[in-house]
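Visitor: Dropping in query11.txt, which is compact mmCIF, C-alpha atoms:
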```txt
# COMPACT_ATOMS: atom_id res chain seq x y z
CA MET A 1 -22.48 -6.05 3.19
CA THR A 2 -20.06 -3.19 3.11
CA GLN A 3 -18.23 -1.19 0.52
CA GLN A 4 -14.49 -1.31 -0.04
CA PRO A 5 -12.25 -1.63 3.01
CA THR A 6 -9.17 0.25 4.00
CA HIS A 7 -6.46 -1.69 2.21
CA GLN A 8 -2.91 -2.41 2.93
CA PRO A 9 -0.77 -2.10 -0.18
CA THR A 10 0.57 -5.29 -1.61
CA HIS A 11 3.13 -5.18 -4.71
CA LEU A 12 6.44 -3.53 -5.13
CA PRO A 13 5.92 -1.61 -8.39
CA THR A 14 8.19 -1.53 -11.34
CA HIS A 15 8.91 1.91 -12.73
CA GLN A 16 6.11 1.69 -15.26
CA ASP A 17 3.64 0.68 -12.53
CA ALA A 18 4.39 3.72 -10.35
CA GLY A 19 1.11 5.37 -9.37
CA THR A 20 -1.11 2.57 -10.67
CA VAL A 21 -3.44 0.34 -8.68
CA TRP A 22 -0.99 -2.53 -9.18
CA GLU A 23 1.68 -0.98 -6.98
CA ARG A 24 -0.28 -2.17 -3.96
CA LEU A 25 0.59 -5.77 -4.72
CA VAL A 26 3.97 -6.79 -3.33
CA GLY A 27 5.86 -9.58 -5.08
CA GLN A 28 2.95 -10.75 -7.26
CA ARG A 29 4.29 -10.05 -10.75
CA PRO A 30 2.85 -13.16 -12.52
CA ALA A 31 -0.60 -12.50 -11.05
CA ILE A 32 -0.43 -8.83 -12.03
CA LYS A 33 0.49 -9.73 -15.60
CA ALA A 34 -2.52 -12.06 -15.88
CA LEU A 35 -4.91 -9.50 -14.36
CA ARG A 36 -3.66 -6.64 -16.52
CA THR A 37 -4.06 -8.79 -19.62
CA ALA A 38 -7.63 -9.71 -18.63
CA ALA A 39 -8.50 -6.08 -17.86
CA ALA A 40 -7.25 -5.19 -21.33
CA GLY A 41 -9.83 -7.59 -22.78
CA HIS A 42 -7.89 -10.86 -23.19
CA GLY A 43 -8.92 -13.89 -21.14
CA MET A 44 -11.66 -12.18 -19.17
CA SER A 45 -14.01 -14.34 -17.07
CA HIS A 46 -17.23 -13.69 -15.18
CA ALA A 47 -15.83 -15.36 -12.02
CA TRP A 48 -12.39 -15.24 -10.41
CA LEU A 49 -10.88 -17.05 -7.44
CA PHE A 50 -7.90 -15.49 -5.64
CA THR A 51 -5.95 -17.90 -3.44
CA GLY A 52 -2.79 -17.45 -1.41
CA PRO A 53 -1.38 -17.61 2.12
CA PRO A 54 -2.41 -15.09 4.79
CA GLY A 55 -0.95 -11.66 4.15
CA SER A 56 -0.23 -12.27 0.47
CA GLY A 57 -2.85 -9.72 -0.53
CA ARG A 58 -5.79 -11.73 -1.89
CA SER A 59 -8.44 -9.07 -1.28
CA ASN A 60 -6.06 -6.30 -2.35
CA ALA A 61 -5.47 -8.09 -5.65
CA ALA A 62 -9.22 -8.45 -6.20
CA ILE A 63 -9.82 -4.77 -5.44
CA ALA A 64 -6.97 -3.65 -7.70
CA PHE A 65 -8.45 -5.80 -10.48
CA ALA A 66 -11.89 -4.31 -9.83
CA ALA A 67 -10.37 -0.83 -10.15
CA ALA A 68 -8.78 -1.79 -13.46
CA LEU A 69 -12.16 -3.00 -14.75
CA GLN A 70 -13.71 0.35 -13.78
CA CYS A 71 -10.79 2.37 -15.17
CA GLU A 72 -11.77 5.12 -17.57
CA ASN A 73 -8.56 4.94 -19.58
CA ALA A 74 -7.75 2.88 -22.65
CA PRO A 75 -7.51 -0.91 -22.04
CA GLY A 76 -3.72 -0.80 -22.27
CA ASP A 77 -3.64 1.58 -19.30
CA ALA A 78 -6.37 -0.12 -17.25
CA GLY A 79 -5.73 0.45 -13.57
CA CYS A 80 -4.07 3.83 -14.04
CA GLY A 81 -4.83 4.85 -10.45
CA ARG A 82 -5.58 8.42 -11.52
CA CYS A 83 -9.09 8.39 -12.98
CA HIS A 84 -12.40 8.65 -11.11
CA GLY A 85 -13.16 4.93 -11.59
CA CYS A 86 -9.84 3.80 -10.11
CA HIS A 87 -9.95 6.25 -7.24
CA THR A 88 -13.51 5.53 -6.11
CA THR A 89 -12.93 1.78 -6.29
CA MET A 90 -9.78 1.94 -4.21
CA VAL A 91 -11.33 4.14 -1.50
CA GLY A 92 -14.54 2.08 -1.38
CA SER A 93 -17.14 4.44 -2.83
CA HIS A 94 -17.69 3.11 -6.37
CA ALA A 95 -21.39 2.39 -6.96
CA ASP A 96 -20.67 -0.74 -9.01
CA VAL A 97 -18.13 -2.39 -6.69
CA ALA A 98 -19.40 -4.17 -3.58
CA VAL A 99 -17.49 -6.19 -1.00
CA ILE A 100 -18.81 -8.68 1.53
CA ARG A 101 -16.63 -9.30 4.54
CA THR A 102 -17.16 -10.40 8.10
CA GLU A 103 -15.62 -10.11 11.53
CA LYS A 104 -17.68 -13.14 12.55
CA LEU A 105 -16.69 -16.79 12.38
CA SER A 106 -18.78 -17.34 9.25
CA ILE A 107 -20.59 -15.59 6.40
CA GLY A 108 -24.25 -16.53 6.35
CA VAL A 109 -26.77 -17.06 3.60
CA ASP A 110 -28.58 -13.76 4.25
CA GLU A 111 -25.42 -11.75 3.56
CA VAL A 112 -24.79 -13.66 0.35
CA ARG A 113 -28.40 -13.26 -0.77
CA ASP A 114 -28.05 -9.48 -0.39
CA LEU A 115 -25.05 -9.62 -2.70
CA VAL A 116 -26.85 -11.88 -5.16
CA ARG A 117 -29.75 -9.42 -5.32
CA LYS A 118 -27.29 -6.65 -6.14
CA ALA A 119 -25.76 -8.86 -8.83
CA SER A 120 -29.14 -9.09 -10.54
CA LEU A 121 -29.21 -5.32 -11.10
CA SER A 122 -27.64 -3.52 -14.03
CA PRO A 123 -24.49 -1.50 -13.31
CA VAL A 124 -25.02 2.17 -12.56
CA GLY A 125 -22.19 3.20 -14.85
CA ALA A 126 -20.96 2.07 -18.22
CA GLY A 127 -18.57 -0.54 -16.85
CA ARG A 128 -19.06 -3.84 -15.07
CA GLN A 129 -20.65 -4.62 -11.73
CA VAL A 130 -18.03 -6.25 -9.51
CA LEU A 131 -18.90 -8.29 -6.41
CA ILE A 132 -16.06 -9.33 -4.12
CA VAL A 133 -16.35 -11.95 -1.36
CA GLU A 134 -13.47 -11.70 1.09
CA ASP A 135 -12.72 -14.73 3.27
CA ALA A 136 -14.89 -16.95 1.09
CA ASP A 137 -13.63 -19.88 3.16
CA ARG A 138 -15.99 -18.67 5.91
CA LEU A 139 -19.14 -19.16 3.83
CA THR A 140 -21.66 -21.57 5.33
CA GLU A 141 -23.02 -24.45 3.24
CA ARG A 142 -26.27 -22.60 2.55
CA ALA A 143 -24.32 -19.48 1.61
CA TRP A 144 -22.24 -21.47 -0.88
CA ASN A 145 -25.38 -22.88 -2.49
CA ALA A 146 -26.86 -19.41 -2.87
CA LEU A 147 -23.63 -18.11 -4.39
CA LEU A 148 -23.23 -21.08 -6.75
CA LYS A 149 -26.51 -20.40 -8.53
CA ALA A 150 -25.56 -16.75 -9.06
CA ILE A 151 -22.16 -17.71 -10.50
CA GLU A 152 -23.76 -20.35 -12.75
CA GLU A 153 -26.15 -17.76 -14.19
CA PRO A 154 -24.17 -14.49 -14.18
CA GLY A 155 -25.39 -11.18 -15.49
CA GLU A 156 -23.94 -10.02 -18.78
CA ARG A 157 -21.86 -7.30 -17.08
CA THR A 158 -21.38 -8.92 -13.68
CA VAL A 159 -18.01 -10.14 -12.37
CA TRP A 160 -17.61 -12.22 -9.20
CA MET A 161 -14.31 -12.29 -7.27
CA LEU A 162 -13.80 -14.75 -4.41
CA CYS A 163 -10.83 -14.77 -1.99
CA ALA A 164 -9.74 -17.85 -0.01
CA PRO A 165 -6.48 -19.36 1.31
CA THR A 166 -6.61 -22.54 -0.84
CA LEU A 167 -8.74 -24.31 -3.43
CA GLU A 168 -9.76 -26.81 -0.73
CA ASP A 169 -11.52 -23.99 1.12
CA VAL A 170 -13.95 -23.45 -1.77
CA LEU A 171 -16.87 -25.56 -2.96
CA PRO A 172 -15.53 -27.69 -5.88
CA THR A 173 -18.46 -26.78 -8.13
CA VAL A 174 -17.63 -23.10 -7.57
CA VAL A 175 -13.92 -23.66 -8.26
CA SER A 176 -14.78 -25.24 -11.60
CA ARG A 177 -16.57 -22.07 -12.69
CA CYS A 178 -13.82 -19.62 -11.71
CA ARG A 179 -10.55 -18.54 -13.25
CA LEU A 180 -7.80 -19.08 -10.68
CA VAL A 181 -5.27 -16.44 -9.59
CA THR A 182 -2.64 -17.84 -7.23
CA LEU A 183 -0.70 -15.43 -5.04
CA THR A 184 2.54 -16.28 -3.27
CA THR A 185 4.25 -15.16 -0.07
CA PRO A 186 6.28 -12.04 -0.91
CA THR A 187 10.04 -12.24 -0.34
CA SER A 188 11.62 -10.33 2.54
CA PRO A 189 13.57 -8.01 0.18
CA ASP A 190 10.34 -7.11 -1.66
CA VAL A 191 8.53 -6.41 1.60
CA ALA A 192 11.42 -4.40 3.05
CA ALA A 193 11.71 -2.28 -0.08
CA PHE A 194 7.95 -1.69 -0.05
CA LEU A 195 8.02 -0.52 3.58
CA SER A 196 10.93 1.83 2.94
CA ARG A 197 9.32 3.28 -0.16
CA THR A 198 5.76 3.72 1.08
CA LEU A 199 6.30 4.45 4.77
CA GLY A 200 9.77 5.95 4.84
CA VAL A 201 10.88 3.26 7.30
CA PRO A 202 14.65 3.09 7.95
CA ASP A 203 16.32 0.20 6.14
CA ALA A 204 17.22 -1.71 9.33
CA LEU A 205 13.67 -1.52 10.71
CA ALA A 206 12.17 -2.40 7.33
CA SER A 207 14.43 -5.45 7.08
CA TYR A 208 13.44 -6.59 10.60
CA ALA A 209 9.70 -6.11 9.93
CA ALA A 210 9.93 -7.97 6.62
CA ARG A 211 11.72 -10.95 8.20
CA ALA A 212 9.58 -11.05 11.33
CA SER A 213 6.31 -10.83 9.39
CA GLN A 214 7.31 -13.85 7.28
CA GLY A 215 5.84 -12.19 4.19
CA HIS A 216 2.56 -11.02 5.76
CA ILE A 217 2.15 -7.46 4.47
CA GLY A 218 -0.29 -6.24 7.12
CA ARG A 219 1.85 -7.68 9.90
CA ALA A 220 4.96 -6.10 8.39
CA ARG A 221 3.32 -2.68 8.36
CA ALA A 222 2.32 -3.03 12.01
CA LEU A 223 5.80 -4.13 13.07
CA ALA A 224 7.39 -1.29 11.12
CA THR A 225 5.16 1.44 12.54
CA ASP A 226 4.13 0.38 16.06
CA GLU A 227 6.64 -0.14 18.85
CA ALA A 228 4.05 -1.85 21.06
CA THR A 229 3.52 -4.49 18.38
CA ARG A 230 7.27 -5.07 18.19
CA ASN A 231 7.51 -5.39 21.98
CA ARG A 232 4.65 -7.91 22.12
CA ARG A 233 6.29 -10.02 19.44
CA ARG A 234 9.66 -9.92 21.18
CA GLU A 235 8.07 -11.20 24.39
CA VAL A 236 6.54 -14.13 22.50
CA VAL A 237 9.69 -15.19 20.61
CA LEU A 238 11.67 -15.22 23.86
CA TYR A 239 9.38 -17.86 25.41
CA PRO A 240 11.09 -20.98 23.92
CA ALA A 241 14.33 -20.44 25.84
CA LYS A 242 12.47 -19.63 29.07
CA LEU A 243 9.98 -22.50 29.35
CA THR A 244 12.00 -24.40 31.95
CA THR A 245 9.35 -25.10 34.62
CA LEU A 246 5.72 -26.14 34.69
CA GLY A 247 4.82 -22.93 36.49
CA GLY A 248 6.61 -20.92 33.83
CA CYS A 249 4.61 -22.71 31.13
CA MET A 250 1.31 -21.93 32.86
CA GLN A 251 2.32 -18.29 33.29
CA ALA A 252 3.36 -17.99 29.64
CA ALA A 253 -0.01 -19.36 28.51
CA ALA A 254 -1.89 -16.96 30.81
CA ASN A 255 0.19 -14.00 29.59
CA LEU A 256 -0.45 -14.88 25.96
CA VAL A 257 -4.21 -15.02 26.50
CA GLU A 258 -4.25 -11.79 28.50
CA VAL A 259 -2.23 -9.86 25.92
CA ALA A 260 -4.47 -11.20 23.14
CA LYS A 261 -7.60 -10.04 24.97
CA GLU A 262 -6.14 -6.59 25.59
CA GLU A 263 -5.07 -6.17 21.98
CA ALA A 264 -8.42 -7.42 20.68
CA GLU A 265 -10.30 -5.05 22.97
CA ALA A 266 -8.18 -2.12 21.82
CA ILE A 267 -9.02 -3.00 18.21
CA THR A 268 -12.76 -3.48 18.70
CA ALA A 269 -13.72 -1.00 21.44
CA GLU A 270 -13.94 2.04 19.18
CA LEU A 271 -15.86 0.13 16.50
CA ASP A 272 -18.29 -1.27 19.10
CA ALA A 273 -19.01 2.20 20.44
CA ARG A 274 -19.54 3.62 16.97
CA GLU A 275 -21.95 0.84 16.05
CA LYS A 276 -23.95 1.46 19.25
CA VAL A 277 -24.22 5.18 18.45
CA ASP A 278 -25.35 4.38 14.89
CA LEU A 279 -27.96 1.92 16.18
CA ASP A 280 -29.34 4.45 18.67
CA ALA A 281 -29.52 7.10 15.97
CA SER A 282 -31.32 4.80 13.55
CA TYR A 283 -34.03 4.09 16.16
CA GLY A 284 -34.22 7.67 17.42
CA VAL A 285 -32.97 6.68 20.86
CA VAL A 286 -31.49 9.39 23.08
CA GLU A 287 -30.19 9.18 26.62
CA ARG A 288 -33.05 8.24 29.00
CA GLY A 289 -35.47 8.60 26.10
CA ARG A 290 -38.23 6.22 25.01
CA ARG A 291 -37.07 3.18 23.12
CA PRO A 292 -39.15 1.64 20.31
CA ARG A 293 -40.24 -1.95 20.81
CA GLU A 294 -37.98 -3.05 17.93
CA TYR A 295 -34.91 -1.53 19.59
CA ALA A 296 -34.29 -4.28 22.18
CA PRO A 297 -34.01 -7.15 19.63
CA ALA A 298 -31.77 -5.00 17.42
CA LEU A 299 -29.52 -4.16 20.38
CA SER A 300 -29.37 -7.82 21.39
CA ALA A 301 -28.37 -8.84 17.87
CA LEU A 302 -25.71 -6.11 17.77
CA GLU A 303 -24.20 -7.16 21.10
CA LYS A 304 -24.18 -10.81 20.04
CA GLY A 305 -22.37 -9.92 16.84
CA GLN A 306 -19.86 -7.79 18.73
CA LYS A 307 -19.08 -10.65 21.13
CA THR A 308 -18.51 -12.99 18.20
CA ARG A 309 -16.24 -10.44 16.55
CA ALA A 310 -14.28 -9.98 19.79
CA LYS A 311 -13.80 -13.74 20.05
CA ARG A 312 -12.51 -13.88 16.49
CA ARG A 313 -10.13 -11.00 17.16
CA VAL A 314 -8.67 -12.81 20.19
CA LEU A 315 -8.13 -15.93 18.10
CA ASP A 316 -6.51 -13.89 15.33
CA VAL A 317 -4.08 -12.28 17.78
CA VAL A 318 -3.24 -15.63 19.39
CA ASP A 319 -2.76 -17.15 15.95
CA ARG A 320 -0.16 -14.52 15.05
CA SER A 321 1.71 -15.29 18.26
CA LEU A 322 1.68 -19.01 17.45
CA MET A 323 3.21 -18.34 14.04
CA ASP A 324 5.91 -16.28 15.77
CA LEU A 325 6.67 -19.24 18.03
CA VAL A 326 6.86 -21.56 15.04
CA SER A 327 9.42 -19.24 13.45
CA VAL A 328 11.75 -19.65 16.46
CA TYR A 329 11.71 -23.44 16.27
CA ARG A 330 12.21 -23.35 12.51
CA ASP A 331 15.19 -21.08 13.03
CA ALA A 332 16.54 -23.54 15.62
CA ILE A 333 16.22 -26.44 13.18
CA ALA A 334 18.00 -24.43 10.48
CA VAL A 335 20.87 -23.60 12.83
CA ALA A 336 21.13 -27.20 14.04
CA VAL A 337 21.46 -28.64 10.51
CA GLY A 338 23.78 -25.87 9.34
CA ALA A 339 21.28 -24.38 6.88
CA ALA A 340 20.85 -21.00 8.53
CA GLY A 341 21.66 -17.79 6.75
CA ALA A 342 19.77 -14.78 8.06
CA LEU A 343 17.25 -16.09 10.58
CA VAL A 344 13.67 -14.90 10.80
CA ASN A 345 14.58 -13.98 14.39
CA GLU A 346 18.11 -12.80 13.72
CA GLU A 347 17.87 -10.18 16.47
CA ILE A 348 17.60 -12.93 19.13
CA ARG A 349 20.12 -15.36 17.62
CA PRO A 350 21.71 -16.13 21.04
CA ASP A 351 18.31 -17.25 22.34
CA VAL A 352 17.74 -19.37 19.24
CA GLU A 353 21.16 -20.98 19.78
CA GLU A 354 20.13 -21.72 23.38
CA VAL A 355 17.08 -23.57 22.04
CA VAL A 356 19.44 -25.53 19.75
CA ARG A 357 21.67 -26.40 22.69
CA THR A 358 18.81 -27.76 24.80
CA SER A 359 16.99 -29.70 22.10
CA SER A 360 17.26 -31.57 18.81
CA PRO A 361 15.75 -30.98 15.36
CA GLU A 362 13.38 -33.89 15.98
CA LEU A 363 12.19 -32.39 19.26
CA ASN A 364 11.65 -29.00 17.63
CA LEU A 365 9.61 -30.62 14.86
CA ARG A 366 7.41 -32.17 17.55
CA ARG A 367 7.09 -28.76 19.19
CA ILE A 368 5.95 -27.26 15.91
CA ASP A 369 3.36 -30.03 15.65
CA ALA A 370 2.17 -29.17 19.17
CA ILE A 371 1.73 -25.53 18.18
CA PHE A 372 -0.33 -26.43 15.13
CA GLU A 373 -2.39 -28.86 17.21
CA ALA A 374 -3.22 -26.05 19.66
CA ARG A 375 -4.10 -23.82 16.72
CA GLU A 376 -6.45 -26.45 15.31
CA GLN A 377 -8.11 -27.00 18.69
CA MET A 378 -8.92 -23.30 19.03
CA LEU A 379 -9.92 -22.55 15.44
CA GLU A 380 -11.63 -25.78 14.46
CA PHE A 381 -12.89 -27.35 17.69
CA ASN A 382 -13.64 -24.24 19.77
CA VAL A 383 -11.36 -25.24 22.65
CA PRO A 384 -10.91 -22.28 25.05
CA PRO A 385 -7.57 -20.56 24.27
CA ALA A 386 -6.35 -20.82 27.88
CA LEU A 387 -6.70 -24.62 27.91
CA ALA A 388 -5.19 -25.15 24.46
CA LEU A 389 -2.25 -22.85 25.20
CA GLU A 390 -1.49 -24.43 28.59
CA ALA A 391 -1.22 -27.88 27.00
CA MET A 392 0.90 -26.44 24.19
CA MET A 393 3.33 -24.65 26.52
CA VAL A 394 3.89 -27.85 28.49
CA ALA A 395 4.74 -29.61 25.22
CA LEU A 396 7.26 -26.84 24.48
CA MET A 397 8.97 -27.06 27.89
CA VAL A 398 12.75 -27.39 27.90
CA PRO A 399 13.73 -30.97 28.86
CA GLU A 400 14.69 -31.37 32.51
CA GLY A 401 18.44 -31.10 33.10
CA SER A 402 19.20 -29.30 29.84
CA SER A 403 18.32 -25.72 30.90
CA ARG A 404 20.86 -23.14 31.99
```
Just give me the structure as C-alpha cells.
Guide:
Amino acid sequence: MTQQPTHQPTHLPTHQDAGTVWERLVGQRPAIKALRTAAAGHGMSHAWLFTGPPGSGRSNAAIAFAAALQCENAPGDAGCGRCHGCHTTMVGSHADVAVIRTEKLSIGVDEVRDLVRKASLSPVGAGRQVLIVEDADRLTERAWNALLKAIEEPGERTVWMLCAPTLEDVLPTVVSRCRLVTLTTPTSPDVAAFLSRTLGVPDALASYAARASQGHIGRARALATDEATRNRRREVVLYPAKLTTLGGCMQAAANLVEVAKEEAEAITAELDAREKVDLDASYGVVERGRRPREYAPALSALEKGQKTRAKRRVLDVVDRSLMDLVSVYRDAIAVAVGAAGALVNEEIRPDVEEVVRTSSPELNLRRIDAIFEAREQMLEFNVPPALALEAMMVALMVPEGSSR
C-alpha cells in the first residue's frame, strides 16, 4: 500500500475552477458537478465507484474528490486547492488518505487486508478517512471478498473509492453498494486546450497530441513533451502501408516487441535500483557485508515482483501501440466511406489513403478484429507478445498484387 501517486491533471477548468483540485479533470463537467455537490454535503455515500475508459482520469477524479472531502474551507468551496488538506492530499502525504495500487498483474488479498485494517481506525484529523483502490479490476477473488465485508460494514467516517474501467470489472455485490461516477473520453479540443494551458505547448503540437492520444490524458502529455515518444508512435502508425511481405510482417512484430522492452526497461530500471537500495538499507546490508538470514527470501520476493512489473510494463507499451494501429484502420474506414474530417492520424494522411487504396472497409474491420484478438491473447491468455504480434502482423498484410 502506498500513499498518493504523482498525478496527471485531468479537467479543463472553467474560470471559477481555476486553482481548485477540479482543474485536473479534463472534460468531466457532469462528474465534477456531482462530486462537488456530494463534498458540500448533498448525496454523500460511504462507497464510490469511478468508471471510465483508460486515460479518462478515474484515479485523478477519486483523488480530487478525496481532497475536497479533506478541504478546510466551507462546504461551498470544498476542493479549493489552497488549504493544507487539499495540498497534502494532492501530493500524497495526507494521513487520512491512502491509495492501493499495483504494478503487478493483480492486487492480492494481503494488500487489501492492510487497507481494511487501516479503515477500521479512526481518522487522525477531523475529517474523513478515505481509502482509494486504483485498478480495482485487478483484485483477485479473495481480495474482492475481503473488500466486500469492509464496504458492507463501513466506519462512521470512512469513505471507500474504487476505480475500474467498467461495471463488469467489479464484483456485482460491490457495485450495488457504491455510488457510481462515470467518466467519459475527453474531446480533442479539451485535451489540446489543457496541454497548451498547463504545459505551454504550441497549439499545433497540442492539437497533434490530443488527436493522437485519442483522449488519453497521460498519453497526450507524453506525446506533447517527449520527442522520442512521438517518433515511436510515428513508426508504429506507418506499419499498415508497409506490411507488404511476410518477412516485413515478421520484422515489424520483432521491432514492436524490442521497442516495448526497451521502453519498459527505461521506465522500471531506476525504480528497481531504488527498491534494491531500500531493501539493503532495511536489512543493514552493505557491499560485501554479512547478510541476515531473512535477507535472501526478501530479495527473492523483490526480484520476483520486479519481473512481474516489467512484464506488465511491456504489455502496457505494446497495448498502446496496438491502439495506435487501430486508429489508422479506423481512419482508413472513415476516408473510404466519406466520413472523414480531421483524422486521428492527419499528419500521415497520404499513408492512410494508401491503406484505403489497397483494401476495403470490410477488410480493415477484420484487421481491427485481428488487433483486438492479439491484445486479448497477450492480456488474458498470457500468450508471448512475439507470437501474438507475428500472427497479427500477418493478418494485417497488404493483399498480394495491391501494393505499390
Visitor: With distances taken over all atoms listed in the file, which residue among A:Ala296, A:Arg157, A:Lys118, A:Gly27 lies nearest Ala193 of chain A?
Guide: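 Ranking A:Ala296, A:Arg157, A:Lys118, A:Gly27 by distance to Ala193 of chain A, first place goes to A:Gly27.
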Visitor: So the first atom is atom CA of Ile107 of chain A and the second is atom CA of Leu139 of chain A; what is the distance between them in Å, to one decimal place?
Guide: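 Distance reported for this atom pair: 4.6 Å.
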Visitor: Suppose you want the space between atom CA of Ala254 of chain A and atom CA of Pro385 of chain A; what is it in Å?
Guide: 9.4 Å
Visitor: Can you work out which one of A:Ala212, A:Ile32, A:Ile217, A:Leu243 has the shortest atom-to-atom distance to Asp331 of chain A, counting only C-alpha atoms?
Guide: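 Distance minimum relative to Asp331 of chain A lands on A:Ala212.
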Visitor: One decimal, in Å: what's the spacing between atom CA of Pro399 of chain A and atom CA of Leu256 of chain A?
Guide: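 Pair atom CA of Pro399 of chain A / atom CA of Leu256 of chain A returns 21.6 Å.
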Visitor: Between A:Ala220, A:Asn382, A:Val352, A:Leu322, which is the closest to Ala370 of chain A once you count all atoms listed in the file?
Guide: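 Distance minimum relative to Ala370 of chain A lands on A:Leu322.
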Visitor: Could you pull the residues within 9 Å of Ala61 of chain A, counting all atoms listed in the file, minus those fewer than 6 positions along the same chain, as a compact mmCIF listing (two decimals) with C-alpha atoms, in the frame of the given file?
Guide:
```
# COMPACT_ATOMS: atom_id res chain seq x y z
CA THR A 10 0.57 -5.29 -1.61
CA TRP A 22 -0.99 -2.53 -9.18
CA ARG A 24 -0.28 -2.17 -3.96
CA LEU A 25 0.59 -5.77 -4.72
CA GLN A 28 2.95 -10.75 -7.26
CA ALA A 31 -0.60 -12.50 -11.05
CA ILE A 32 -0.43 -8.83 -12.03
CA LEU A 35 -4.91 -9.50 -14.36
CA PHE A 50 -7.90 -15.49 -5.64
CA LEU A 183 -0.70 -15.43 -5.04
```
Visitor: When distances are computed from all atoms listed in the file, which of A:Leu279, A:Ala253, A:Leu325, A:Cys86 shows the smallest separation from Ser300 of chain A?
Guide: A:Leu279
Visitor: Mind checking which residues fall within 12 Å of Thr37 of chain A, counting only C-alpha atoms, ignoring those fewer than 6 positions away in the same chain, and posting them as a list of chain:residue names?
Guide: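 What passes the distance filter is A:Pro30, A:Ala31, A:Gly43, A:Met44, A:Ser45, A:Phe65, A:Ala68, A:Leu69, A:Pro75, A:Gly76, A:Asp77, A:Ala78, A:Gly79.
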Visitor: With a distance cut-off of 12 Å and only C-alpha atoms, select the neighbouring residues of Asp280 of chain A, excluding the residue or stretch itself and same-chain residues fewer than 2 positions from it, and output the selection as an MDAnalysis selection string.
Guide: chainID A and resid 273:278 282:292 294:296 298:299 302
Visitor: Pick the closest to Glu235 of chain A from A:Asn255, A:Gly108, A:Asn145, A:Ala266: which is it, counting all atoms listed in the file?
Guide: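 Closest to Glu235 of chain A, using all atoms listed in the file: A:Asn255.
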Visitor: Sorted by chain and rising residue number, which residues of segment 185-207 of chain A lie within 12 Å of segment 345-349 of chain A, and what are their closest atom pairs and distances in Å to one decimal, counting all atoms listed in the file, as a tab-separated table?
Guide:
```
residue	atom	partner	partner_atom	distance
A:Ala204	CA	A:Glu347	CA	11.1
A:Leu205	CA	A:Glu347	CA	11.2
A:Ser207	CA	A:Glu346	CA	10.6
```
